[in-house]
Amino acid sequence: MTQPLDILTETPSQTAGPYVHIGCIPTFAGVEGVYPEDLGLSPISDGARGEVITIRGSVYDGTGWALRDAMMESWQPDAAGLFPGQDGADPKVSGFCRFAADKDSGEFTLRTVKPGPVPLRHGGLQAPHIALWIVARGINIGLSTRIYFEDEDNSGDMLLNRIEQRPRADTLIARKTGEGEYRFDIRLQGEGETVFLDM
Amino acid sequence: MSETAPLMPRRREVHPVPYDPDYKTSVVRSPKQALLSLESTLIEETGPVFGHDLLGPLDNNLIYNFTQGAAPAVGERIRVHGRVLDETGRAVPNTLVEVWQANAGGRYRHVKDTYFAPLDPNFGGCGRTITDENGYYEFMTIRPGAYPWPNRANDWRPMHIHFSIFGSGFGQRLISQMYFQGDPLIDLCPIVNTIKDRGQIDRLVAPLDMQNSRGMDYIAYKFDIVLRGRRQTMFENKPEGM
Ligand SMILES: [Fe+2]
């Protein structure tokens with residue numbers, strides 16, 4: 001026998017299901033009037049420092065069909081790489097956004113500021129990135145990934161360099177499609193499958 | 001930002017399998033490649049903070065919040081309460097807990113739910129609260145109905161309440177479901193059974209809690225939630241191996 005470890009076990013996940021919008025963005029589901037507004041409508045408010053950008057994309061299943069029911073959350077620092085609560089962080093950046101795939105087209109839109117680089121615990125910088133969390137019917141535990149940017153220097157990024165098959169790193173890099181506009185598609189399974197994270 | 005200690009690695013074996021042919025939608029929505037496992041960094045260790053000022057007085061009362069107090073929802077009145085802890089056993093204070101559920105007839109108020117059980121004009125189906133300094137939360141609601149869903153020819157969801165919990169770091173983010181003690185549909189449900197460890201399924205089944213019920217008013221169910229913990233050590237500030 002030994003002493004007990006006294007470590008609890010995490011509560012198991014269950015799928016968010018097709019009606020996740022009711023709980024997280026009720027207006028999207030057609031439930032009006034319970035809250036003044038949905039939570040996480042925008043990660044920035046007027047006057048946020050830095051370049052305002054728009055990222056569009058879709059979440060594709062293994063057959064190439066764009067999910068119409070996915071819900072996503074993003075979390076990021078401000079243009080200087082500071083998270084809310086850190087000294088000097090931009091008060092106009094909440095950093096958190098909730099958005100859903102369009103019910104008809106499956107396309108999502110995230111309008112935010114481009115984040116700054118963020119330090120690693122033991123020195124060095126990570127290339128600018130946004131954390132993305134995806135839930136939907138048929139996804140039994142939320143999927144985590146990151147959005148990097150084609151027009152940033154990603155060469156020294158710790159995470160991207162840990163992806164053994166180099167072409168797969170491209171699945172985490174948003175393509176520039178215009179001034180301040182990017183495309184970031186997520187493929188849940190199969191050819192071009194997005195790199196998902198366990199961090 | 002109070003804490004940026006590394007998160008304990010997620011024990012994937014205590015969670016559902018991503019691919020389960022009995023839950024048909026998971027077949028094309030489950031990644032086939034291995035996840036990339038790394039120690040957490042600042043973006044996983046920090047997360048959004050929501051203040052108690054976010055909440056309206058009826059936000060955690062699903063019986064009344066859709067009508068803003070004008071008329072109660074139909075159904076068996078229940079109170080759901082519990083604590084949010086992390087793997088180290090510490091309370092998770094001031095964290096947002098959101099719930100959503102079907103009405104007493106098993107129907108969701110959602111543009112995509114077409115089940116012919118009727119909507120309740122007095123029930124919206126969402127609620128939210130923030131844990132207190134000791135990690136406690138509670139909701140008043142009605143017991144949700146079981147409902148059929150398109151999977152195999154005759155699949156029914158057991159009575160359940162969906163939960164969304166934040167924690168203090170984005171890497172702790174969790175969505176799960178609470179089931180009710182004694183519901184015979186639990187064992188038959190393909191979504192429940194994506195969890196392969198019977199002991200872990202039991203952790204989603206809330207016991208009837210008569211001592212926290214109130215006569216002639218409501219019965220209570222207790223539902224505790226455990227999020228990922230953080231490693232606490234004075235050695236964290238040194239490079240690996242030092
Ligand atoms: Fe449900």
# chains A, B, ... in the order shown; residues from 1 in each chain; ligands from 1
>>> select_by_dssp(residues="range 19-86 of chain B", states="strand (DSSP E or B)", output="list in words")
Leu36, Ser37, Asn61, Arg77, Ile78, Arg79, Val80, His81, Gly82, Arg83, Val84, Leu85 and Asp86 of chain B
>>> write_last_selection(atoms="N, CA and C atoms", output="compact mmCIF listing (two decimals), in the first residue's frame")
# COMPACT_ATOMS: atom_id res chain seq x y z
N LEU B 36 -1.51 16.71 -31.41
CA LEU B 36 -0.16 17.17 -31.08
C LEU B 36 -0.14 17.55 -29.60
N SER B 37 0.57 16.77 -28.79
CA SER B 37 0.60 16.98 -27.34
C SER B 37 1.83 17.78 -26.95
N ASN B 61 -32.41 30.95 -13.15
CA ASN B 61 -33.74 30.41 -12.86
C ASN B 61 -34.48 30.17 -14.18
N ARG B 77 -40.51 20.84 -10.80
CA ARG B 77 -39.56 21.86 -10.33
C ARG B 77 -38.34 21.20 -9.68
N ILE B 78 -37.16 21.52 -10.18
CA ILE B 78 -35.94 20.96 -9.58
C ILE B 78 -34.90 22.06 -9.34
N ARG B 79 -34.04 21.75 -8.39
CA ARG B 79 -32.88 22.59 -8.10
C ARG B 79 -31.65 21.75 -8.42
N VAL B 80 -30.73 22.29 -9.19
CA VAL B 80 -29.48 21.61 -9.50
C VAL B 80 -28.35 22.42 -8.88
N HIS B 81 -27.53 21.77 -8.06
CA HIS B 81 -26.48 22.52 -7.39
C HIS B 81 -25.23 21.66 -7.26
N GLY B 82 -24.11 22.30 -7.05
CA GLY B 82 -22.86 21.55 -6.88
C GLY B 82 -21.68 22.48 -6.82
N ARG B 83 -20.50 21.88 -6.93
CA ARG B 83 -19.26 22.66 -6.87
C ARG B 83 -18.45 22.40 -8.12
N VAL B 84 -17.66 23.39 -8.50
CA VAL B 84 -16.66 23.22 -9.53
C VAL B 84 -15.30 23.18 -8.84
N LEU B 85 -14.59 22.08 -9.04
CA LEU B 85 -13.25 21.88 -8.45
C LEU B 85 -12.27 21.65 -9.58
N ASP B 86 -10.96 21.67 -9.26
CA ASP B 86 -10.01 21.20 -10.25
C ASP B 86 -9.36 19.89 -9.77
>>> residues_near_ligand(ligand="ligand 1", cutoff="9 Å", atoms="only C-alpha atoms and all ligand atoms", output="list in words")
Ala16, Gly17, Pro18, Tyr19 and Val20 of chain A; Trp100, Gln101, Ala102, Gly106, Tyr108, Ala146, Tyr147, Arg157, Pro158, Met159, His160, Ile161, His162 and Gln177 of chain B
>>> atom_distance(atom1="CA of Ile130 in chain A", atom2="CA of Lys114 in chain A")
8.6 Å
>>> interface_residues(of="chain B", to="chain A", cutoff="6 Å", atoms="only C-alpha atoms", output="PyMOL selection string")
chain B and resi 1+15+18+25-26+28-29+31-32+35-40+65-66+87-88+99-100+110-111+126+175-177+225-228+239
>>> residues_around(residues="Arg49 in chain A", least_positions_apart="6", cutoff="10 Å", atoms="only C-alpha atoms", output="ChimeraX atom specification")
/A:78-80,90-93,113-114
>>> select_by_dssp(residues="range 39-177 of chain A", states="alpha helix (DSSP H)", output="ChimeraX atom specification")
/A:158-161,166-169
>>> decode(residues="range 48-88 of chain A", atoms="C-alpha atoms", output="PDB file, in the first residue's frame")
ATOM      1  CA  ALA A  48      -8.592  48.627 -30.046  1.00  0.00           C
ATOM      2  CA  ARG A  49      -4.945  49.093 -31.007  1.00  0.00           C
ATOM      3  CA  GLY A  50      -3.466  47.254 -33.964  1.00  0.00           C
ATOM      4  CA  GLU A  51      -4.660  45.992 -37.317  1.00  0.00           C
ATOM      5  CA  VAL A  52      -8.311  45.018 -37.483  1.00  0.00           C
ATOM      6  CA  ILE A  53      -8.634  41.799 -39.461  1.00  0.00           C
ATOM      7  CA  THR A  54     -11.409  39.511 -40.639  1.00  0.00           C
ATOM      8  CA  ILE A  55     -10.931  35.745 -40.764  1.00  0.00           C
ATOM      9  CA  ARG A  56     -13.429  33.661 -42.702  1.00  0.00           C
ATOM     10  CA  GLY A  57     -13.624  29.916 -43.062  1.00  0.00           C
ATOM     11  CA  SER A  58     -15.634  26.733 -42.783  1.00  0.00           C
ATOM     12  CA  VAL A  59     -15.410  23.526 -40.789  1.00  0.00           C
ATOM     13  CA  TYR A  60     -15.451  20.508 -43.122  1.00  0.00           C
ATOM     14  CA  ASP A  61     -16.268  16.936 -42.168  1.00  0.00           C
ATOM     15  CA  GLY A  62     -14.540  13.864 -43.623  1.00  0.00           C
ATOM     16  CA  THR A  63     -16.746  13.949 -46.728  1.00  0.00           C
ATOM     17  CA  GLY A  64     -15.936  17.593 -47.482  1.00  0.00           C
ATOM     18  CA  TRP A  65     -19.290  18.902 -46.262  1.00  0.00           C
ATOM     19  CA  ALA A  66     -19.206  22.194 -44.341  1.00  0.00           C
ATOM     20  CA  LEU A  67     -20.804  21.842 -40.897  1.00  0.00           C
ATOM     21  CA  ARG A  68     -23.843  24.071 -40.418  1.00  0.00           C
ATOM     22  CA  ASP A  69     -24.036  23.502 -36.673  1.00  0.00           C
ATOM     23  CA  ALA A  70     -20.464  24.113 -35.425  1.00  0.00           C
ATOM     24  CA  MET A  71     -19.813  26.644 -32.695  1.00  0.00           C
ATOM     25  CA  MET A  72     -16.382  28.103 -32.101  1.00  0.00           C
ATOM     26  CA  GLU A  73     -14.632  30.128 -29.452  1.00  0.00           C
ATOM     27  CA  SER A  74     -11.451  32.117 -29.905  1.00  0.00           C
ATOM     28  CA  TRP A  75      -9.036  33.464 -27.305  1.00  0.00           C
ATOM     29  CA  GLN A  76      -6.087  35.752 -27.999  1.00  0.00           C
ATOM     30  CA  PRO A  77      -3.872  38.547 -26.689  1.00  0.00           C
ATOM     31  CA  ASP A  78      -3.873  42.144 -27.919  1.00  0.00           C
ATOM     32  CA  ALA A  79      -1.677  43.582 -30.683  1.00  0.00           C
ATOM     33  CA  ALA A  80       1.251  43.766 -28.254  1.00  0.00           C
ATOM     34  CA  GLY A  81       0.890  40.124 -27.208  1.00  0.00           C
ATOM     35  CA  LEU A  82      -0.646  40.930 -23.807  1.00  0.00           C
ATOM     36  CA  PHE A  83      -3.672  39.096 -22.417  1.00  0.00           C
ATOM     37  CA  PRO A  84      -6.442  40.871 -20.511  1.00  0.00           C
ATOM     38  CA  GLY A  85      -5.324  41.371 -16.922  1.00  0.00           C
ATOM     39  CA  GLN A  86      -1.628  41.623 -17.771  1.00  0.00           C
ATOM     40  CA  ASP A  87       0.054  44.982 -17.080  1.00  0.00           C
ATOM     41  CA  GLY A  88      -0.369  47.323 -20.025  1.00  0.00           C
TER      42      GLY A  88
END
